[in-house]
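Participant: Have a look at the structure that comes next, please.
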Amino acid sequence: MKQRSLEELFDQCISKRLIIKNKDMLRHSYTPDVLPHRDEQIENLVHPLISALKGETPSNILIYGKTGTGKTAVVKYVGKALVRKIGGKFYYRPYINRIKPDIEVKNDDNAPLYFIYINCEVVDTQYRMLAKLCEYLGESVPLTGWPTDKVYDTFFNALDSSKRLMVVVLDEIDGLLKKSSEDILYNLTRINTDLKNAKLSIIGISNDLKFIEFLDPRIKSSLGEEELIFPPYDAVQLVNILTQRVSEAFYPDAVGTGVIQRCAAYAAQEHGDARRALDLLRISAEIAERENSKRVEERHVKEAKVKTENDRVIEVLRTLPAQSKLVLYSVVLLEKYNTSTIVTGDVYSVYKDLCRLSGQDILTQRRISDLISELDMLGILNARIVSKGRYGRTREIRVGVPINQIKRELETDYKIERVSSYVPPVQHKLG
DNA sequence: AATCCACAGGAAGCCCGGGAAC
DNA sequence: GTTCCCGGGCTTCCTGTGGATT
């Protein structure tokens, strides 16, 4: 009896292997050998870099496009190809903290090309940026402690110590603005005038089209010398992209009819995000494997869509700071017990009650206002500014995800659970 | 047309923890 | 140890504002 079930388990596990051949190829970190529908962008990126390698002053490049339009993939693709061709070093793994390059090609004849990929969400201040760049050049700088100009000098000297072209890719470059650290952009874009041997070229990647409006005009002109736009993929293009991956990543006949089309259609609805399309495909396949299906079917895609949306929300909720949880919980309670629209003031008064009940510090309304904005940006709340004339200007707030899901998830936190019996007082509102 | 509400959201600065250098 | 520096969370103080009401 025992043996039979074990045998069944083996059979099951073996049959599971019939769908996905190579899962890595379905992850967005994977850069494929061919990038469909991006020839124009690749060309426009290669040209300025080649002329810089020929000795001209390099142009800085600004790349726009929404998430999943292939910005990062194209830049890495080009970087990889150039380093292989010309020689140099390429660092592209954003989250791996190490000094060894991902690709290194020796070439004695030419000045080496240093191609460095940095994600500004992670490296989000002038100091950290310079320290990171120093690290790649073999200079060790403490994570904190030095005055910034000393770090800058260290970087400058290390860079200029030999003849080379350094290309710094700043992904999610808008991350640098929020922390009011645009000095780094100013310094980096002007560094070429002081460099004697080396050259530096910046490639900024942003998914915010309005990004440049907020820039200091001096930075704007030097950073945006070349601008590349990455339009979203339409459903047909997404189908092409997925088809290409499917042929390599799946076993033959493992993907049912309409699966690719459905993944592409869902992703096209959400501004043509190829990353999303790939995620859907991968998760659909995982669901199919778990069910022991012979192939991925459309219903798996539907299931995958629901699953990814839920997972995202739960992950966000779980990692929310305690104060944000209290604010969100206040909105949830108001939405549950209150019929009128919810405004900032209501949230704040419920929030204060919850703080007293749970023994936490009460923050100011100014701060809560910011926390509400953050929750709005995360998509958990929907807040819009409305003017009620004589009765002031405020935000109307609604919960953006199924309320019971949020409530349940928040109440797994014992601090929230403790105040879960609280009922907000009935609002007496005009109008 | 003037008023005035209930906030939004910018600016400056405080405080604290963490890390490095002295 | 002390001193210096940085970043992040937060407060205080402030100016700005759309439109119903006066």
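For the structure tokens, the naming scheme is as follows: chains receive sequential letters (A, B, ...) according to their order of presentation, residues are indexed from 1 within each chain, and ligands are indexed from 1 in presentation order.
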Could you pull out the alpha helix (DSSP H) residues of region 66-172 of chain A from DSSP and send them as a PyMOL selection string?
Facilitator: chain A and resi 71-86+126-136+148-160
Participant: Write out as CSV a residue-level contact list of chain A versus chain B with cut-off 9 Å: for each qualifying residue the closest pair of atoms and the distance in Å to one decimal, counting only C-alpha atoms (C1' of nucleotides), rows sorted by chain and residue number upward.
Facilitator:
```
residue,atom,partner,partner_atom,distance
A:Pro142,CA,B:DA20,C1',7.1
A:Leu143,CA,B:DG19,C1',7.4
A:Thr144,CA,B:DG19,C1',6.0
A:Gly145,CA,B:DA20,C1',5.1
A:Trp146,CA,B:DA20,C1',7.5
A:Thr344,CA,B:DC7,C1',7.9
A:Gly345,CA,B:DC7,C1',8.2
A:Arg366,CA,B:DG9,C1',8.8
A:Ser369,CA,B:DA8,C1',8.3
A:Asp370,CA,B:DG9,C1',8.8
A:Ile385,CA,B:DA8,C1',8.3
A:Lys388,CA,B:DC5,C1',8.6
A:Gly389,CA,B:DC5,C1',7.4
A:Arg390,CA,B:DC5,C1',5.1
A:Tyr391,CA,B:DC5,C1',4.7
A:Gly392,CA,B:DC5,C1',4.1
A:Arg393,CA,B:DC7,C1',5.2
A:Thr394,CA,B:DC7,C1',4.8
A:Arg395,CA,B:DC7,C1',7.9
```
Participant: Could you please take those selected residues and save all heavy atoms as a compact mmCIF listing (two decimals), in the first residue's frame?
Facilitator:
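After the write, again.txt holds the following:
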```txt
# COMPACT_ATOMS: atom_id res chain seq x y z
N PRO A 142 33.37 53.07 2.20
CA PRO A 142 32.40 52.59 3.19
C PRO A 142 30.97 52.97 2.81
O PRO A 142 30.75 53.97 2.12
CB PRO A 142 32.82 53.31 4.47
CG PRO A 142 33.70 54.43 4.03
CD PRO A 142 34.34 53.97 2.78
N LEU A 143 30.03 52.19 3.30
CA LEU A 143 28.63 52.42 2.95
C LEU A 143 28.15 53.79 3.39
O LEU A 143 27.23 54.36 2.83
CB LEU A 143 27.74 51.35 3.61
CG LEU A 143 27.90 49.96 3.04
CD1 LEU A 143 27.21 48.94 3.93
CD2 LEU A 143 27.36 49.91 1.63
N THR A 144 28.77 54.30 4.41
CA THR A 144 28.40 55.63 4.89
C THR A 144 29.58 56.15 5.69
O THR A 144 30.44 55.38 6.09
CB THR A 144 27.13 55.57 5.76
OG1 THR A 144 27.00 56.79 6.47
CG2 THR A 144 27.19 54.46 6.76
N GLY A 145 29.64 57.42 5.89
CA GLY A 145 30.71 57.95 6.72
C GLY A 145 31.53 59.04 6.07
O GLY A 145 31.75 60.09 6.67
N TRP A 146 31.91 58.86 4.82
CA TRP A 146 32.74 59.87 4.17
C TRP A 146 31.92 61.08 3.74
O TRP A 146 30.72 60.93 3.44
CB TRP A 146 33.38 59.29 2.92
CG TRP A 146 34.53 58.37 3.17
CD1 TRP A 146 34.90 57.85 4.35
CD2 TRP A 146 35.41 57.84 2.19
NE1 TRP A 146 35.98 57.03 4.19
CE2 TRP A 146 36.32 57.01 2.86
CE3 TRP A 146 35.55 58.01 0.81
CZ2 TRP A 146 37.33 56.34 2.20
CZ3 TRP A 146 36.56 57.33 0.15
CH2 TRP A 146 37.46 56.52 0.84
N THR A 344 -10.31 62.55 4.46
CA THR A 344 -9.11 62.47 5.29
C THR A 344 -9.41 62.66 6.78
O THR A 344 -8.89 61.92 7.61
CB THR A 344 -8.09 63.53 4.84
OG1 THR A 344 -7.89 63.39 3.44
CG2 THR A 344 -6.78 63.36 5.56
N GLY A 345 -10.24 63.64 7.09
CA GLY A 345 -10.54 63.93 8.49
C GLY A 345 -11.16 62.74 9.21
O GLY A 345 -10.81 62.45 10.36
N ARG A 366 -0.61 65.65 9.13
CA ARG A 366 0.27 65.87 7.98
C ARG A 366 0.91 64.56 7.55
O ARG A 366 0.97 64.22 6.37
CB ARG A 366 1.35 66.87 8.35
CG ARG A 366 2.35 67.15 7.27
CD ARG A 366 1.71 67.93 6.14
NE ARG A 366 2.58 68.03 4.99
CZ ARG A 366 2.71 67.10 4.08
NH1 ARG A 366 2.02 65.96 4.19
NH2 ARG A 366 3.50 67.26 3.05
N SER A 369 -1.58 62.12 6.10
CA SER A 369 -1.87 62.53 4.73
C SER A 369 -0.87 61.90 3.76
O SER A 369 -1.24 61.39 2.70
CB SER A 369 -1.82 64.05 4.66
OG SER A 369 -1.95 64.49 3.35
N ASP A 370 0.40 61.91 4.15
CA ASP A 370 1.41 61.28 3.31
C ASP A 370 1.22 59.77 3.22
O ASP A 370 1.39 59.17 2.17
CB ASP A 370 2.82 61.59 3.85
CG ASP A 370 3.31 62.97 3.44
OD1 ASP A 370 2.69 63.56 2.53
OD2 ASP A 370 4.28 63.46 4.03
N ILE A 385 -8.68 64.11 -4.95
CA ILE A 385 -8.92 65.38 -4.28
C ILE A 385 -10.24 65.95 -4.80
O ILE A 385 -10.45 66.03 -6.01
CB ILE A 385 -7.77 66.35 -4.55
CG1 ILE A 385 -6.49 65.75 -3.99
CG2 ILE A 385 -8.04 67.69 -3.93
CD1 ILE A 385 -5.25 66.34 -4.56
N LYS A 388 -15.29 70.52 -1.70
CA LYS A 388 -16.68 70.58 -1.27
C LYS A 388 -17.07 72.03 -0.97
O LYS A 388 -17.82 72.30 -0.04
CB LYS A 388 -16.91 69.70 -0.04
CG LYS A 388 -16.69 68.22 -0.28
CD LYS A 388 -17.07 67.45 0.96
CE LYS A 388 -16.67 65.98 0.91
NZ LYS A 388 -17.22 65.24 -0.22
N GLY A 389 -16.50 72.93 -1.73
CA GLY A 389 -16.83 74.34 -1.60
C GLY A 389 -16.61 74.87 -0.22
O GLY A 389 -15.52 74.77 0.34
N ARG A 390 -17.66 75.38 0.34
CA ARG A 390 -17.61 75.93 1.68
C ARG A 390 -17.05 74.93 2.68
O ARG A 390 -16.43 75.28 3.68
CB ARG A 390 -19.05 76.31 2.09
CG ARG A 390 -19.17 77.29 3.24
CD ARG A 390 -18.81 78.67 2.79
NE ARG A 390 -18.06 79.43 3.75
CZ ARG A 390 -18.60 80.29 4.62
NH1 ARG A 390 -19.88 80.46 4.65
NH2 ARG A 390 -17.82 80.98 5.41
N TYR A 391 -17.29 73.65 2.42
CA TYR A 391 -16.85 72.63 3.38
C TYR A 391 -15.48 72.06 3.05
O TYR A 391 -15.15 70.93 3.38
CB TYR A 391 -17.92 71.53 3.46
CG TYR A 391 -19.26 72.09 3.85
CD1 TYR A 391 -20.27 72.24 2.92
CD2 TYR A 391 -19.46 72.57 5.14
CE1 TYR A 391 -21.48 72.81 3.26
CE2 TYR A 391 -20.66 73.16 5.49
CZ TYR A 391 -21.68 73.27 4.55
OH TYR A 391 -22.86 73.87 4.91
N GLY A 392 -14.70 72.89 2.38
CA GLY A 392 -13.28 72.58 2.27
C GLY A 392 -12.86 71.67 1.13
O GLY A 392 -13.67 71.16 0.39
N ARG A 393 -11.56 71.54 1.08
CA ARG A 393 -10.96 70.70 0.06
C ARG A 393 -10.32 69.51 0.76
O ARG A 393 -9.56 69.67 1.71
CB ARG A 393 -9.86 71.48 -0.65
CG ARG A 393 -9.89 71.42 -2.14
CD ARG A 393 -9.17 72.63 -2.68
NE ARG A 393 -7.74 72.34 -2.80
CZ ARG A 393 -7.20 71.82 -3.89
NH1 ARG A 393 -7.94 71.50 -4.92
NH2 ARG A 393 -5.92 71.61 -3.96
N THR A 394 -10.58 68.32 0.28
CA THR A 394 -10.04 67.15 0.95
C THR A 394 -9.91 66.00 -0.04
O THR A 394 -10.14 66.18 -1.22
CB THR A 394 -10.94 66.74 2.14
OG1 THR A 394 -10.36 65.63 2.81
CG2 THR A 394 -12.32 66.37 1.66
N ARG A 395 -9.52 64.87 0.48
CA ARG A 395 -9.46 63.69 -0.38
C ARG A 395 -10.65 62.80 -0.09
O ARG A 395 -11.00 62.57 1.07
CB ARG A 395 -8.20 62.88 -0.08
CG ARG A 395 -6.95 63.35 -0.73
CD ARG A 395 -6.02 62.16 -0.80
NE ARG A 395 -4.65 62.53 -1.05
CZ ARG A 395 -3.75 62.73 -0.09
NH1 ARG A 395 -4.10 62.63 1.16
NH2 ARG A 395 -2.52 63.02 -0.39
```
Participant: When you count only C-alpha atoms (C1' of nucleotides), which of these residues is closest to chain C: A:Leu133, A:Ile368, A:Leu223, A:Ala274?
Facilitator: A:Ile368
Participant: For the contact check between chain C and chain A, emit one row per residue of chain C within 7 Å, containing the shortest atom pair and the distance in Å rounded to one decimal, counting only C-alpha atoms (C1' of nucleotides), chain then rising number order, as a Markdown table.
Facilitator:
```
| residue | atom | partner | partner_atom | distance |
| --- | --- | --- | --- | --- |
| C:DC5 | C1' | A:Gly145 | CA | 5.2 |
| C:DC6 | C1' | A:Thr144 | CA | 6.5 |
| C:DG18 | C1' | A:Ser387 | CA | 5.5 |
| C:DG19 | C1' | A:Gly389 | CA | 4.1 |
| C:DA20 | C1' | A:Gly389 | CA | 4.3 |
| C:DT21 | C1' | A:Arg390 | CA | 6.1 |
```
Participant: Could you save those same residues with C-alpha atoms (C1' of nucleotides) as a PDB file, in the first residue's frame?
Facilitator:
```
ATOM      1  C1'  DC C   5      28.070  62.057   8.433  1.00  0.00           C
ATOM      2  C1'  DC C   6      23.996  60.197   6.287  1.00  0.00           C
ATOM      3  C1'  DG C  18     -11.944  75.014  -5.716  1.00  0.00           C
ATOM      4  C1'  DG C  19     -16.135  76.168  -5.209  1.00  0.00           C
ATOM      5  C1'  DA C  20     -20.569  76.493  -2.047  1.00  0.00           C
ATOM      6  C1'  DT C  21     -22.086  79.977   0.701  1.00  0.00           C
TER       7       DT C  21
END
```
Participant: In Å, rounded to a single decimal, give me how far CA of Thr308 (chain A) is from CA of Asp279 (chain A).
Facilitator: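 Those two atoms sit 8.6 Å apart.
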Participant: Which residues in region 364-393 of chain A does DSSP call strand (DSSP E)? List them as a ChimeraX atom specification.
Facilitator: /A:381-387,393
Participant: Export C-alpha atoms of the chosen residues as a PDB file, in the first residue's frame?
Facilitator:
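Contents of again_34.pdb, as written:
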```
ATOM      1  CA  LEU A 381      -6.577  52.886  -1.696  1.00  0.00           C
ATOM      2  CA  ASN A 382      -8.134  55.147  -4.263  1.00  0.00           C
ATOM      3  CA  ALA A 383      -7.906  58.741  -3.193  1.00  0.00           C
ATOM      4  CA  ARG A 384      -8.872  61.748  -5.227  1.00  0.00           C
ATOM      5  CA  ILE A 385      -8.922  65.376  -4.282  1.00  0.00           C
ATOM      6  CA  VAL A 386     -12.380  66.938  -4.261  1.00  0.00           C
ATOM      7  CA  SER A 387     -13.527  70.366  -3.292  1.00  0.00           C
ATOM      8  CA  ARG A 393     -10.956  70.695   0.055  1.00  0.00           C
TER       9      ARG A 393
END
```
Participant: Skip Gln269 (chain A) itself and residues of its chain fewer than 3 positions away, then list as a list in words all residues within 12 Å of it, counting only C-alpha atoms (C1' of nucleotides).
Facilitator: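 Once the adjacent positions are removed, what remains is Pro232, Tyr233, Asp234, Ala235, Leu238, Arg262, Cys263, Ala264, Ala265, Tyr266, Gly272, Asp273, Ala274, Arg276 and Ala277 of chain A.
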Participant: Mind pulling up the distance from CA of Lys89 (chain A) to CA of Glu104 (chain A)?
Facilitator: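 Value for the CA of Glu104 (chain A)-CA of Lys89 (chain A) distance: 4.5 Å.
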Participant: Hey, which of A:Asn310, A:Ser51, A:Thr341, A:Asn44 ends up closest to Glu409 (chain A)? Count only C-alpha atoms.
Facilitator: A:Asn310
